[in-house]
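**Student:** Have a peek at my_file_12.pdb (PDB, C-alpha atoms).
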ATOM      1  CA  GLU U   1      71.403  73.518 -26.633
ATOM      2  CA  ASP U   2      70.219  71.330 -29.502
ATOM      3  CA  PHE U   3      68.136  74.105 -31.074
ATOM      4  CA  VAL U   4      69.508  75.988 -34.090
ATOM      5  CA  PHE U   5      68.563  79.649 -34.563
ATOM      6  CA  PHE U   6      68.967  81.586 -37.811
ATOM      7  CA  SER U   7      69.527  85.329 -38.220
ATOM      8  CA  GLY U   8      69.908  87.600 -41.216
ATOM      9  CA  GLY U   9      67.988  88.522 -44.330
ATOM     10  CA  LYS U  10      64.405  89.608 -44.848
ATOM     11  CA  ILE U  11      62.970  86.331 -43.556
ATOM     12  CA  CYS U  12      64.993  85.783 -40.372
ATOM     13  CA  GLY U  13      65.980  89.262 -39.183
ATOM     14  CA  VAL U  14      67.595  89.623 -35.731
ATOM     15  CA  VAL U  15      66.503  87.127 -33.085
ATOM     16  CA  GLU U  16      68.921  88.162 -30.320
ATOM     17  CA  PRO U  17      66.372  90.235 -28.330
ATOM     18  CA  THR U  18      63.939  87.303 -28.346
ATOM     19  CA  LEU U  19      66.598  84.799 -27.291
ATOM     20  CA  ARG U  20      67.785  87.136 -24.553
ATOM     21  CA  GLU U  21      64.305  87.139 -22.998
ATOM     22  CA  PHE U  22      64.609  83.387 -22.476
ATOM     23  CA  GLY U  23      68.262  83.383 -21.425
ATOM     24  CA  MET U  24      69.342  81.629 -24.609
ATOM     25  CA  CYS U  25      72.136  83.961 -25.751
ATOM     26  CA  ARG U  26      74.908  81.604 -24.673
ATOM     27  CA  ASP U  27      78.198  80.434 -26.146
ATOM     28  CA  ALA U  28      76.925  76.870 -26.555
ATOM     29  CA  MET U  29      73.722  77.867 -28.382
ATOM     30  CA  THR U  30      73.953  77.065 -32.099
ATOM     31  CA  GLN U  31      73.255  80.147 -34.208
ATOM     32  CA  VAL U  32      73.698  80.809 -37.910
ATOM     33  CA  THR U  33      73.951  84.066 -39.817
ATOM     34  CA  VAL U  34      72.365  83.389 -43.181
ATOM     35  CA  GLY U  35      74.588  83.972 -46.189
ATOM     36  CA  PHE U  36      72.483  82.109 -48.723
ATOM     37  CA  SER U  37      69.281  82.802 -50.628
ATOM     38  CA  LEU U  38      65.961  81.844 -49.104
ATOM     39  CA  PRO U  39      63.571  81.494 -52.084
ATOM     40  CA  LYS U  40      59.873  81.756 -51.481
ATOM     41  CA  PRO U  41      57.866  78.514 -51.794
ATOM     42  CA  GLY U  42      56.669  77.722 -55.290
ATOM     43  CA  THR U  43      59.298  79.809 -57.099
ATOM     44  CA  GLY U  44      61.175  76.920 -58.679
ATOM     45  CA  LEU U  45      60.572  74.451 -61.492
ATOM     46  CA  GLY U  46      57.205  72.751 -61.150
ATOM     47  CA  GLY U  47      56.120  75.029 -58.325
ATOM     48  CA  THR U  48      58.586  73.579 -55.812
ATOM     49  CA  THR U  49      60.914  75.653 -53.658
ATOM     50  CA  ARG U  50      64.233  76.333 -55.363
ATOM     51  CA  LYS U  51      67.468  75.152 -53.779
ATOM     52  CA  PRO U  52      69.211  77.839 -51.640
ATOM     53  CA  GLU U  53      72.205  79.430 -53.329
ATOM     54  CA  ASP U  54      75.416  80.736 -51.790
ATOM     55  CA  MET U  55      75.463  84.551 -51.699
ATOM     56  CA  SER U  56      79.018  85.050 -50.440
ATOM     57  CA  CYS U  57      81.378  87.259 -52.452
ATOM     58  CA  ASN U  58      85.123  86.977 -53.041
ATOM     59  CA  ILE U  59      86.382  90.549 -52.652
ATOM     60  CA  GLY U  60      90.094  90.001 -53.281
ATOM     61  CA  ALA U  61      93.091  88.938 -51.252
ATOM     62  CA  ASP U  62      94.391  90.148 -47.915
ATOM     63  CA  ALA U  63      97.983  91.036 -47.019
ATOM     64  CA  ASN U  64      98.810  87.342 -46.654
ATOM     65  CA  GLY U  65      97.389  86.442 -50.043
ATOM     66  CA  GLU U  66      94.316  84.729 -48.572
ATOM     67  CA  ASN U  67      90.941  85.301 -50.182
ATOM     68  CA  LYS U  68      88.649  87.768 -48.415
ATOM     69  CA  TRP U  69      84.930  87.040 -48.315
ATOM     70  CA  ALA U  70      81.849  89.141 -47.734
ATOM     71  CA  GLY U  71      78.359  87.916 -46.943
ATOM     72  CA  GLU U  72      79.314  84.326 -46.121
ATOM     73  CA  SER U  73      77.292  82.258 -43.679
ATOM     74  CA  VAL U  74      78.677  82.117 -40.154
ATOM     75  CA  ALA U  75      77.867  79.539 -37.462
ATOM     76  CA  CYS U  76      78.700  79.275 -33.773
ATOM     77  CA  GLY U  77      77.771  77.048 -30.861
ATOM     78  CA  LYS U  78      77.479  73.338 -30.184
ATOM     79  CA  TRP U  79      76.501  72.197 -33.681
ATOM     80  CA  ASN U  80      78.413  74.751 -35.759
ATOM     81  CA  GLY U  81      80.509  72.054 -37.427
ATOM     82  CA  ALA U  82      77.455  70.046 -38.412
ATOM     83  CA  ILE U  83      75.789  73.151 -39.834
ATOM     84  CA  ALA U  84      78.901  74.117 -41.802
ATOM     85  CA  GLY U  85      79.227  70.583 -43.146
ATOM     86  CA  ARG U  86      75.623  70.401 -44.272
ATOM     87  CA  LEU U  87      75.870  73.769 -46.020
ATOM     88  CA  SER U  88      79.211  72.876 -47.616
ATOM     89  CA  GLU U  89      77.643  69.763 -49.121
ATOM     90  CA  ASN U  90      75.256  72.121 -50.893
ATOM     91  CA  ALA U  91      78.013  74.444 -52.163
ATOM     92  CA  ILE U  92      77.367  77.119 -49.526
ATOM     93  CA  ARG U  93      80.327  78.651 -47.686
ATOM     94  CA  CYS U  94      80.006  78.691 -43.895
ATOM     95  CA  LYS U  95      82.599  79.927 -41.444
ATOM     96  CA  THR U  96      82.653  78.443 -37.919
ATOM     97  CA  VAL U  97      83.588  80.821 -35.089
ATOM     98  CA  PHE U  98      83.127  81.408 -31.375
ATOM     99  CA  TYR U  99      80.022  83.248 -30.176
ATOM    100  CA  ARG U 100      81.663  86.646 -29.714
ATOM    101  CA  GLU U 101      82.947  86.779 -33.302
ATOM    102  CA  TRP U 102      79.670  85.377 -34.614
ATOM    103  CA  ARG U 103      77.765  88.165 -32.870
ATOM    104  CA  ARG U 104      79.831  90.793 -34.626
ATOM    105  CA  ALA U 105      79.137  89.141 -37.984
ATOM    106  CA  MET U 106      75.430  88.894 -37.178
ATOM    107  CA  TRP U 107      75.108  92.596 -36.361
ATOM    108  CA  GLU U 108      77.086  93.441 -39.499
ATOM    109  CA  ARG U 109      74.497  91.558 -41.527
ATOM    110  CA  ALA U 110      71.709  93.266 -39.568
ATOM    111  CA  LEU U 111      73.206  96.618 -40.518
ATOM    112  CA  TYR U 112      73.040  95.700 -44.202
ATOM    113  CA  ASP U 113      69.464  94.440 -44.024
ATOM    114  CA  ALA U 114      68.219  97.546 -42.233
ATOM    115  CA  VAL U 115      70.107 100.260 -44.103
ATOM    116  CA  TRP U 116      69.888  99.026 -47.685
ATOM    117  CA  ASN U 117      66.182  98.322 -47.535
ATOM    118  CA  VAL U 118      65.130 101.574 -45.907
ATOM    119  CA  VAL U 119      67.386 103.791 -48.044
ATOM    120  CA  GLY U 120      66.052 102.210 -51.222
ATOM    121  CA  ALA U 121      62.411 101.802 -50.214
ATOM    122  CA  VAL U 122      61.743 105.534 -49.872
ATOM    123  CA  ARG U 123      62.498 106.241 -53.557
ATOM    124  CA  ASP U 124      59.890 107.156 -56.146
ATOM    125  CA  GLU U 125      61.107 104.467 -58.523
ATOM    126  CA  PRO U 126      61.610 100.758 -57.684
ATOM    127  CA  THR U 127      65.131 100.425 -56.310
ATOM    128  CA  ASP U 128      67.289  97.354 -55.740
ATOM    129  CA  HIS U 129      70.304  96.906 -53.480
ATOM    130  CA  SER U 130      72.837  97.544 -56.239
ATOM    131  CA  ASP U 131      71.113 100.858 -57.005
ATOM    132  CA  VAL U 132      71.591 101.964 -53.393
ATOM    133  CA  ALA U 133      75.306 101.147 -53.586
ATOM    134  CA  MET U 134      75.671 103.008 -56.875
ATOM    135  CA  PHE U 135      73.474 106.086 -56.428
ATOM    136  CA  PHE U 136      72.908 106.529 -52.680
ATOM    137  CA  GLU U 137      76.302 105.542 -51.271
ATOM    138  CA  LEU U 138      76.689 108.561 -48.984
ATOM    139  CA  GLU U 139      73.255 108.113 -47.423
ATOM    140  CA  ALA U 140      73.876 104.416 -46.766
ATOM    141  CA  SER U 141      77.356 105.108 -45.388
ATOM    142  CA  ASP U 142      76.207 107.858 -43.016
ATOM    143  CA  MET U 143      73.360 105.731 -41.682
ATOM    144  CA  MET U 144      75.637 102.727 -41.186
ATOM    145  CA  TRP U 145      78.138 104.732 -39.171
ATOM    146  CA  GLU U 146      75.461 106.245 -36.965
ATOM    147  CA  ILE U 147      74.090 102.788 -36.130
ATOM    148  CA  ALA U 148      77.578 101.269 -35.733
ATOM    149  CA  ASN U 149      78.456 103.920 -33.159
ATOM    150  CA  HIS U 150      75.390 103.050 -31.103
ATOM    151  CA  LEU U 151      76.098  99.323 -31.379
ATOM    152  CA  ARG U 152      79.428  99.959 -29.704
ATOM    153  CA  GLY U 153      77.926 102.011 -26.907
ATOM    154  CA  GLY U 154      74.651 100.143 -26.452
ATOM    155  CA  LEU U 155      75.585  96.475 -26.922
ATOM    156  CA  ALA U 156      79.394  96.553 -26.637
ATOM    157  CA  VAL U 157      79.607  95.300 -30.235
ATOM    158  CA  THR U 158      82.435  96.687 -32.354
ATOM    159  CA  LEU U 159      82.073  95.704 -35.983
ATOM    160  CA  ILE U 160      85.090  94.135 -37.665
ATOM    161  CA  TYR U 161      87.385  96.500 -39.587
ATOM    162  CA  GLY U 162      86.349  96.909 -43.222
ATOM    163  CA  PHE U 163      82.642  96.255 -42.629
ATOM    164  CA  GLU U 164      81.642  99.101 -44.932
ATOM    165  CA  ASP U 165      83.673  97.716 -47.811
ATOM    166  CA  ARG U 166      82.181  94.244 -47.294
ATOM    167  CA  LEU U 167      78.591  95.487 -47.217
ATOM    168  CA  PHE U 168      78.988  97.606 -50.325
ATOM    169  CA  SER U 169      80.598  94.629 -52.062
ATOM    170  CA  ILE U 170      77.569  92.467 -51.240
ATOM    171  CA  ALA U 171      75.237  95.077 -52.705
ATOM    172  CA  GLU U 172      77.353  95.609 -55.809
ATOM    173  CA  MET U 173      77.953  91.915 -56.531
ATOM    174  CA  ARG U 174      74.732  90.277 -55.281
ATOM    175  CA  GLY U 175      72.204  93.092 -55.035
ATOM    176  CA  LYS U 176      71.042  93.342 -58.637
ATOM    177  CA  GLY U 177      67.375  92.422 -58.745
ATOM    178  CA  GLU U 178      67.073  92.310 -54.939
ATOM    179  CA  PRO U 179      64.280  94.834 -54.244
ATOM    180  CA  CYS U 180      64.493  97.266 -51.344
ATOM    181  CA  GLU U 181      61.473  96.479 -49.175
ATOM    182  CA  LEU U 182      59.995  97.375 -45.789
ATOM    183  CA  ASN U 183      57.865  94.631 -44.273
ATOM    184  CA  ASP U 184      55.455  95.494 -41.459
ATOM    185  CA  ASN U 185      55.808  92.023 -39.935
ATOM    186  CA  MET U 186      59.610  92.208 -39.868
ATOM    187  CA  PHE U 187      60.050  95.852 -38.835
ATOM    188  CA  ASP U 188      60.774  94.988 -35.180
ATOM    189  CA  TYR U 189      63.358  92.401 -36.296
ATOM    190  CA  ILE U 190      65.167  94.391 -38.982
ATOM    191  CA  GLN U 191      64.863  98.178 -38.578
ATOM    192  CA  ASN U 192      63.693  98.550 -34.970
ATOM    193  CA  VAL U 193      66.323  96.369 -33.273
ATOM    194  CA  PHE U 194      69.273  98.726 -32.825
ATOM    195  CA  PRO U 195      70.251 100.398 -29.558
ATOM    196  CA  GLY U 196      70.476 104.146 -29.104
ATOM    197  CA  ARG U 197      68.632 106.941 -30.822
ATOM    198  CA  ASN U 198      69.518 106.503 -34.471
ATOM    199  CA  ARG U 199      68.244 109.775 -35.853
ATOM    200  CA  MET U 200      68.859 109.128 -39.538
ATOM    201  CA  LEU U 201      67.255 105.669 -39.488
ATOM    202  CA  SER U 202      64.257 107.118 -37.636
ATOM    203  CA  GLU U 203      63.882 109.928 -40.171
ATOM    204  CA  TYR U 204      63.820 107.484 -43.087
ATOM    205  CA  CYS U 205      61.362 105.124 -41.379
ATOM    206  CA  ASN U 206      59.012 107.981 -40.509
ATOM    207  CA  TYR U 207      59.266 109.354 -44.047
ATOM    208  CA  ALA U 208      58.456 105.893 -45.408
ATOM    209  CA  LYS U 209      55.321 105.779 -43.258
ATOM    210  CA  ASP U 210      54.137 109.386 -43.629
ATOM    211  CA  LYS U 211      55.049 110.086 -47.253
ATOM    212  CA  ARG U 212      55.380 106.723 -48.990
ATOM    213  CA  GLY U 213      52.501 104.839 -47.388
ATOM    214  CA  LEU U 214      54.748 102.094 -46.037
ATOM    215  CA  LEU U 215      54.889 100.581 -42.538
ATOM    216  CA  GLN U 216      51.238 101.447 -41.950
ATOM    217  CA  GLY U 217      50.716  98.526 -39.604
ATOM    218  CA  VAL U 218      53.523  99.316 -37.157
ATOM    219  CA  ASN U 219      54.297 101.950 -34.568
ATOM    220  CA  VAL U 220      57.389 103.715 -35.912
ATOM    221  CA  PRO U 221      59.336 105.461 -33.112
ATOM    222  CA  PRO U 222      59.439 109.254 -33.462
ATOM    223  CA  VAL U 223      62.549 111.028 -34.673
ATOM    224  CA  PRO U 224      64.712 111.953 -31.647
ATOM    225  CA  SER U 225      65.207 115.667 -31.100
ATOM    226  CA  GLU U 226      68.614 117.304 -31.295
ATOM    227  CA  LEU U 227      68.499 118.139 -27.591
ATOM    228  CA  THR U 228      68.059 114.534 -26.476
ATOM    229  CA  GLU U 229      70.963 113.169 -28.502
ATOM    230  CA  LEU U 230      74.500 113.743 -27.222
ATOM    231  CA  PRO U 231      77.089 114.345 -29.957
ATOM    232  CA  SER U 232      79.313 111.345 -30.651
ATOM    233  CA  LYS U 233      83.041 111.600 -30.038
ATOM    234  CA  ILE U 234      83.727 108.721 -32.423
ATOM    235  CA  ARG U 235      85.173 109.604 -35.811
ATOM    236  CA  GLN U 236      82.482 109.973 -38.420
ATOM    237  CA  GLY U 237      84.006 108.668 -41.593
ATOM    238  CA  ASN U 238      84.596 105.885 -44.045
ATOM    239  CA  LEU U 239      86.474 102.767 -42.963
ATOM    240  CA  ARG U 240      86.259 100.872 -46.204
ATOM    241  CA  ALA U 241      89.169  98.507 -46.706
ATOM    242  CA  ASP U 242      89.693  99.774 -50.255
ATOM    243  CA  GLY U 243      90.499 103.253 -48.902
ATOM    244  CA  THR U 244      87.526 104.941 -50.580
ATOM    245  CA  ILE U 245      86.456 108.140 -48.807
TER     246      ILE U 245
END
Using structure tokens, write down the structure from this file.

**Tutor:**
Amino acid sequence: EDFVFFSGGKICGVVEPTLREFGMCRDAMTQVTVGFSLPKPGTGLGGTTRKPEDMSCNIGADANGENKWAGESVACGKWNGAIAGRLSENAIRCKTVFYREWRRAMWERALYDAVWNVVGAVRDEPTDHSDVAMFFELEASDMMWEIANHLRGGLAVTLIYGFEDRLFSIAEMRGKGEPCELNDNMFDYIQNVFPGRNRMLSEYCNYAKDKRGLLQGVNVPPVPSELTELPSKIRQGNLRADGTI
């Protein structure tokens, strides 16, 4: 229980399947969803690693006048307070919650990492996260809803209301200059971690491999056929908090 596990972003991905193999998905286990930058070594002044920066976004006020945040770090488990304190000392927001709420936040972040990178990576021109939010909003939205539906049925995870608004806000406010990338080494921790037969995600991943020359070192699951996928009864639509349809 004294270990600390990180999830989220291109470096960490989703570690839940690995932890589950060892029986370590427990309330007391300290886990953190990363809401701060993770610079590569040697990218700062003098060749040293730059200091992580907070990537959370203030997206307005709620009905009670409290600030709403998107993309903030979230910690749960035995040492969540210590983690939040250490991050706060470095000007990084970190919310402390119980495991169940943390898990919802973690899968919300996983949705962003998977969808934004694959939707942008298949383009002819270099595309960053803000470009996806601006020019490919419908594609990203449709893919998010398909995956969110399967999260509910496959892992009993219902994402918190307004998740679409929060994820688009992250891309619009923090995504400029953040390239859309598909990494062979992280494929099984970012794109290939969701339950169910996510047809749209599979189509994009297979297109990336067959037509764009990406993901050449991984076994991309085939696109599920129409006959093997039961139609969803869940409303297919936009649940953005700003009311955008």

**Student:** Between atom CA of Leu38 of chain U and atom CA of Asn58 of chain U, measure the distance and give it in Å to one decimal.

**Tutor:**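 Atom CA of Asn58 of chain U lies at a distance of 20.2 Å from atom CA of Leu38 of chain U.
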
**Student:** Specify as a PDB file with C-alpha atoms, keeping the file's coordinate frame each residue included when the PyMOL selection byres ((chain U and resi 1-5) around 12) is applied to this file.

**Tutor:**
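This is the output file part18.pdb:
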ATOM      1  CA  PHE U   6      68.967  81.586 -37.811  1.00  0.00           C
ATOM      2  CA  SER U   7      69.527  85.329 -38.220  1.00  0.00           C
ATOM      3  CA  GLY U   8      69.908  87.600 -41.216  1.00  0.00           C
ATOM      4  CA  CYS U  12      64.993  85.783 -40.372  1.00  0.00           C
ATOM      5  CA  GLY U  13      65.980  89.262 -39.183  1.00  0.00           C
ATOM      6  CA  VAL U  14      67.595  89.623 -35.731  1.00  0.00           C
ATOM      7  CA  VAL U  15      66.503  87.127 -33.085  1.00  0.00           C
ATOM      8  CA  GLU U  16      68.921  88.162 -30.320  1.00  0.00           C
ATOM      9  CA  THR U  18      63.939  87.303 -28.346  1.00  0.00           C
ATOM     10  CA  LEU U  19      66.598  84.799 -27.291  1.00  0.00           C
ATOM     11  CA  GLY U  23      68.262  83.383 -21.425  1.00  0.00           C
ATOM     12  CA  MET U  24      69.342  81.629 -24.609  1.00  0.00           C
ATOM     13  CA  CYS U  25      72.136  83.961 -25.751  1.00  0.00           C
ATOM     14  CA  ARG U  26      74.908  81.604 -24.673  1.00  0.00           C
ATOM     15  CA  ASP U  27      78.198  80.434 -26.146  1.00  0.00           C
ATOM     16  CA  ALA U  28      76.925  76.870 -26.555  1.00  0.00           C
ATOM     17  CA  MET U  29      73.722  77.867 -28.382  1.00  0.00           C
ATOM     18  CA  THR U  30      73.953  77.065 -32.099  1.00  0.00           C
ATOM     19  CA  GLN U  31      73.255  80.147 -34.208  1.00  0.00           C
ATOM     20  CA  VAL U  32      73.698  80.809 -37.910  1.00  0.00           C
ATOM     21  CA  THR U  33      73.951  84.066 -39.817  1.00  0.00           C
ATOM     22  CA  VAL U  34      72.365  83.389 -43.181  1.00  0.00           C
ATOM     23  CA  VAL U  74      78.677  82.117 -40.154  1.00  0.00           C
ATOM     24  CA  ALA U  75      77.867  79.539 -37.462  1.00  0.00           C
ATOM     25  CA  CYS U  76      78.700  79.275 -33.773  1.00  0.00           C
ATOM     26  CA  GLY U  77      77.771  77.048 -30.861  1.00  0.00           C
ATOM     27  CA  LYS U  78      77.479  73.338 -30.184  1.00  0.00           C
ATOM     28  CA  TRP U  79      76.501  72.197 -33.681  1.00  0.00           C
ATOM     29  CA  ASN U  80      78.413  74.751 -35.759  1.00  0.00           C
ATOM     30  CA  ALA U  82      77.455  70.046 -38.412  1.00  0.00           C
ATOM     31  CA  ILE U  83      75.789  73.151 -39.834  1.00  0.00           C
ATOM     32  CA  MET U 106      75.430  88.894 -37.178  1.00  0.00           C
TER      33      MET U 106
END

**Student:** Please evaluate the PyMOL selection byres ((chain U and resi 70-73) around 8) against the displayed coordinates and give the resulting residues as a list in words.

**Tutor:**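 Matching residues under the PyMOL selection byres ((chain U and resi 70-73) around 8) are Val32, Thr33, Val34, Gly35, Phe36, Asp54, Met55, Ser56, Cys57, Asn58, Ile59, Lys68, Trp69, Val74, Ala75, Ile92, Arg93, Cys94, Lys95, Arg109, Arg166, Leu167, Ser169 and Ile170 of chain U.
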
**Student:** Would you please work out which residue, of U:Pro195, U:Gly217, U:Pro224, U:Gly162, is nearest to Leu182 of chain U when using only C-alpha atoms?

**Tutor:**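 The closest residue to Leu182 of chain U is U:Gly217.
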
**Student:** Can you work out the spacing between atom CA of Leu155 of chain U and atom CA of Tyr99 of chain U in Å, to one decimal?

**Tutor:**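 Computed distance, atom CA of Leu155 of chain U to atom CA of Tyr99 of chain U, equals 14.3 Å.
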
**Student:** Would you compute the distance between atom CA of Asn183 of chain U and atom CA of Tyr207 of chain U? Give it in Å to one decimal.

**Tutor:**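 Distance between the two atoms: 14.8 Å.
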
**Student:** Got a sec to resolve the PyMOL selection byres ((chain U and resi 209-212) around 12) on this structure and send the residues as a list in words?

**Tutor:**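 Evaluating the PyMOL selection byres ((chain U and resi 209-212) around 12) on this file yields Val118, Gly120, Ala121, Val122, Arg123, Asp124, Glu125, Glu181, Leu182, Asn183, Asp184, Phe187, Ser202, Glu203, Tyr204, Cys205, Asn206, Tyr207, Ala208, Gly213, Leu214, Leu215, Gln216, Gly217, Val218, Asn219, Val220, Pro221 and Pro222 of chain U.
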
**Student:** Could you please give me, as a VMD selection string, the residues of protein, DNA or RNA lying at most 7 Å from (71.3, 94.0, -57.9) in the coordinate frame of the file, considering only C-alpha atoms?

**Tutor:** chain U and resid 128 to 131 171 to 172 174 to 178

**Student:** Can you rebuild segment 133-149 of chain U with N, CA and C atoms and give it as an mmCIF file, keeping the file's coordinate frame?

**Tutor:**
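Just written: rebuild.cif:
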data_model
loop_
_atom_site.group_PDB
_atom_site.id
_atom_site.type_symbol
_atom_site.label_atom_id
_atom_site.label_comp_id
_atom_site.auth_asym_id
_atom_site.auth_seq_id
_atom_site.Cartn_x
_atom_site.Cartn_y
_atom_site.Cartn_z
ATOM 1 N N ALA U 133 73.848 101.072 -53.622
ATOM 2 C CA ALA U 133 75.306 101.147 -53.586
ATOM 3 C C ALA U 133 75.846 102.110 -54.634
ATOM 4 N N MET U 134 75.187 102.186 -55.780
ATOM 5 C CA MET U 134 75.671 103.008 -56.875
ATOM 6 C C MET U 134 75.264 104.478 -56.759
ATOM 7 N N PHE U 135 74.001 104.723 -56.372
ATOM 8 C CA PHE U 135 73.474 106.086 -56.428
ATOM 9 C C PHE U 135 73.270 106.749 -55.062
ATOM 10 N N PHE U 136 73.198 105.957 -54.004
ATOM 11 C CA PHE U 136 72.908 106.529 -52.680
ATOM 12 C C PHE U 136 73.952 106.091 -51.663
ATOM 13 N N GLU U 137 75.207 106.042 -52.107
ATOM 14 C CA GLU U 137 76.302 105.542 -51.271
ATOM 15 C C GLU U 137 76.491 106.379 -50.014
ATOM 16 N N LEU U 138 76.449 107.705 -50.137
ATOM 17 C CA LEU U 138 76.689 108.561 -48.984
ATOM 18 C C LEU U 138 75.594 108.407 -47.923
ATOM 19 N N GLU U 139 74.351 108.292 -48.375
ATOM 20 C CA GLU U 139 73.255 108.113 -47.423
ATOM 21 C C GLU U 139 73.413 106.794 -46.663
ATOM 22 N N ALA U 140 73.704 105.722 -47.398
ATOM 23 C CA ALA U 140 73.876 104.416 -46.766
ATOM 24 C C ALA U 140 75.063 104.427 -45.810
ATOM 25 N N SER U 141 76.158 105.062 -46.220
ATOM 26 C CA SER U 141 77.356 105.108 -45.388
ATOM 27 C C SER U 141 77.109 105.883 -44.098
ATOM 28 N N ASP U 142 76.485 107.050 -44.209
ATOM 29 C CA ASP U 142 76.207 107.858 -43.016
ATOM 30 C C ASP U 142 75.302 107.113 -42.035
ATOM 31 N N MET U 143 74.278 106.448 -42.556
ATOM 32 C CA MET U 143 73.360 105.731 -41.682
ATOM 33 C C MET U 143 74.058 104.545 -41.015
ATOM 34 N N MET U 144 74.913 103.849 -41.763
ATOM 35 C CA MET U 144 75.637 102.727 -41.186
ATOM 36 C C MET U 144 76.531 103.164 -40.034
ATOM 37 N N TRP U 145 77.230 104.273 -40.222
ATOM 38 C CA TRP U 145 78.138 104.732 -39.171
ATOM 39 C C TRP U 145 77.380 105.190 -37.927
ATOM 40 N N GLU U 146 76.254 105.827 -38.122
ATOM 41 C CA GLU U 146 75.461 106.245 -36.965
ATOM 42 C C GLU U 146 75.032 105.026 -36.149
ATOM 43 N N ILE U 147 74.538 103.995 -36.826
ATOM 44 C CA ILE U 147 74.090 102.788 -36.130
ATOM 45 C C ILE U 147 75.274 102.051 -35.509
ATOM 46 N N ALA U 148 76.399 101.969 -36.241
ATOM 47 C CA ALA U 148 77.578 101.269 -35.733
ATOM 48 C C ALA U 148 78.093 101.906 -34.446
ATOM 49 N N ASN U 149 78.039 103.224 -34.375
ATOM 50 C CA ASN U 149 78.456 103.920 -33.159
ATOM 51 C C ASN U 149 77.594 103.520 -31.965
#
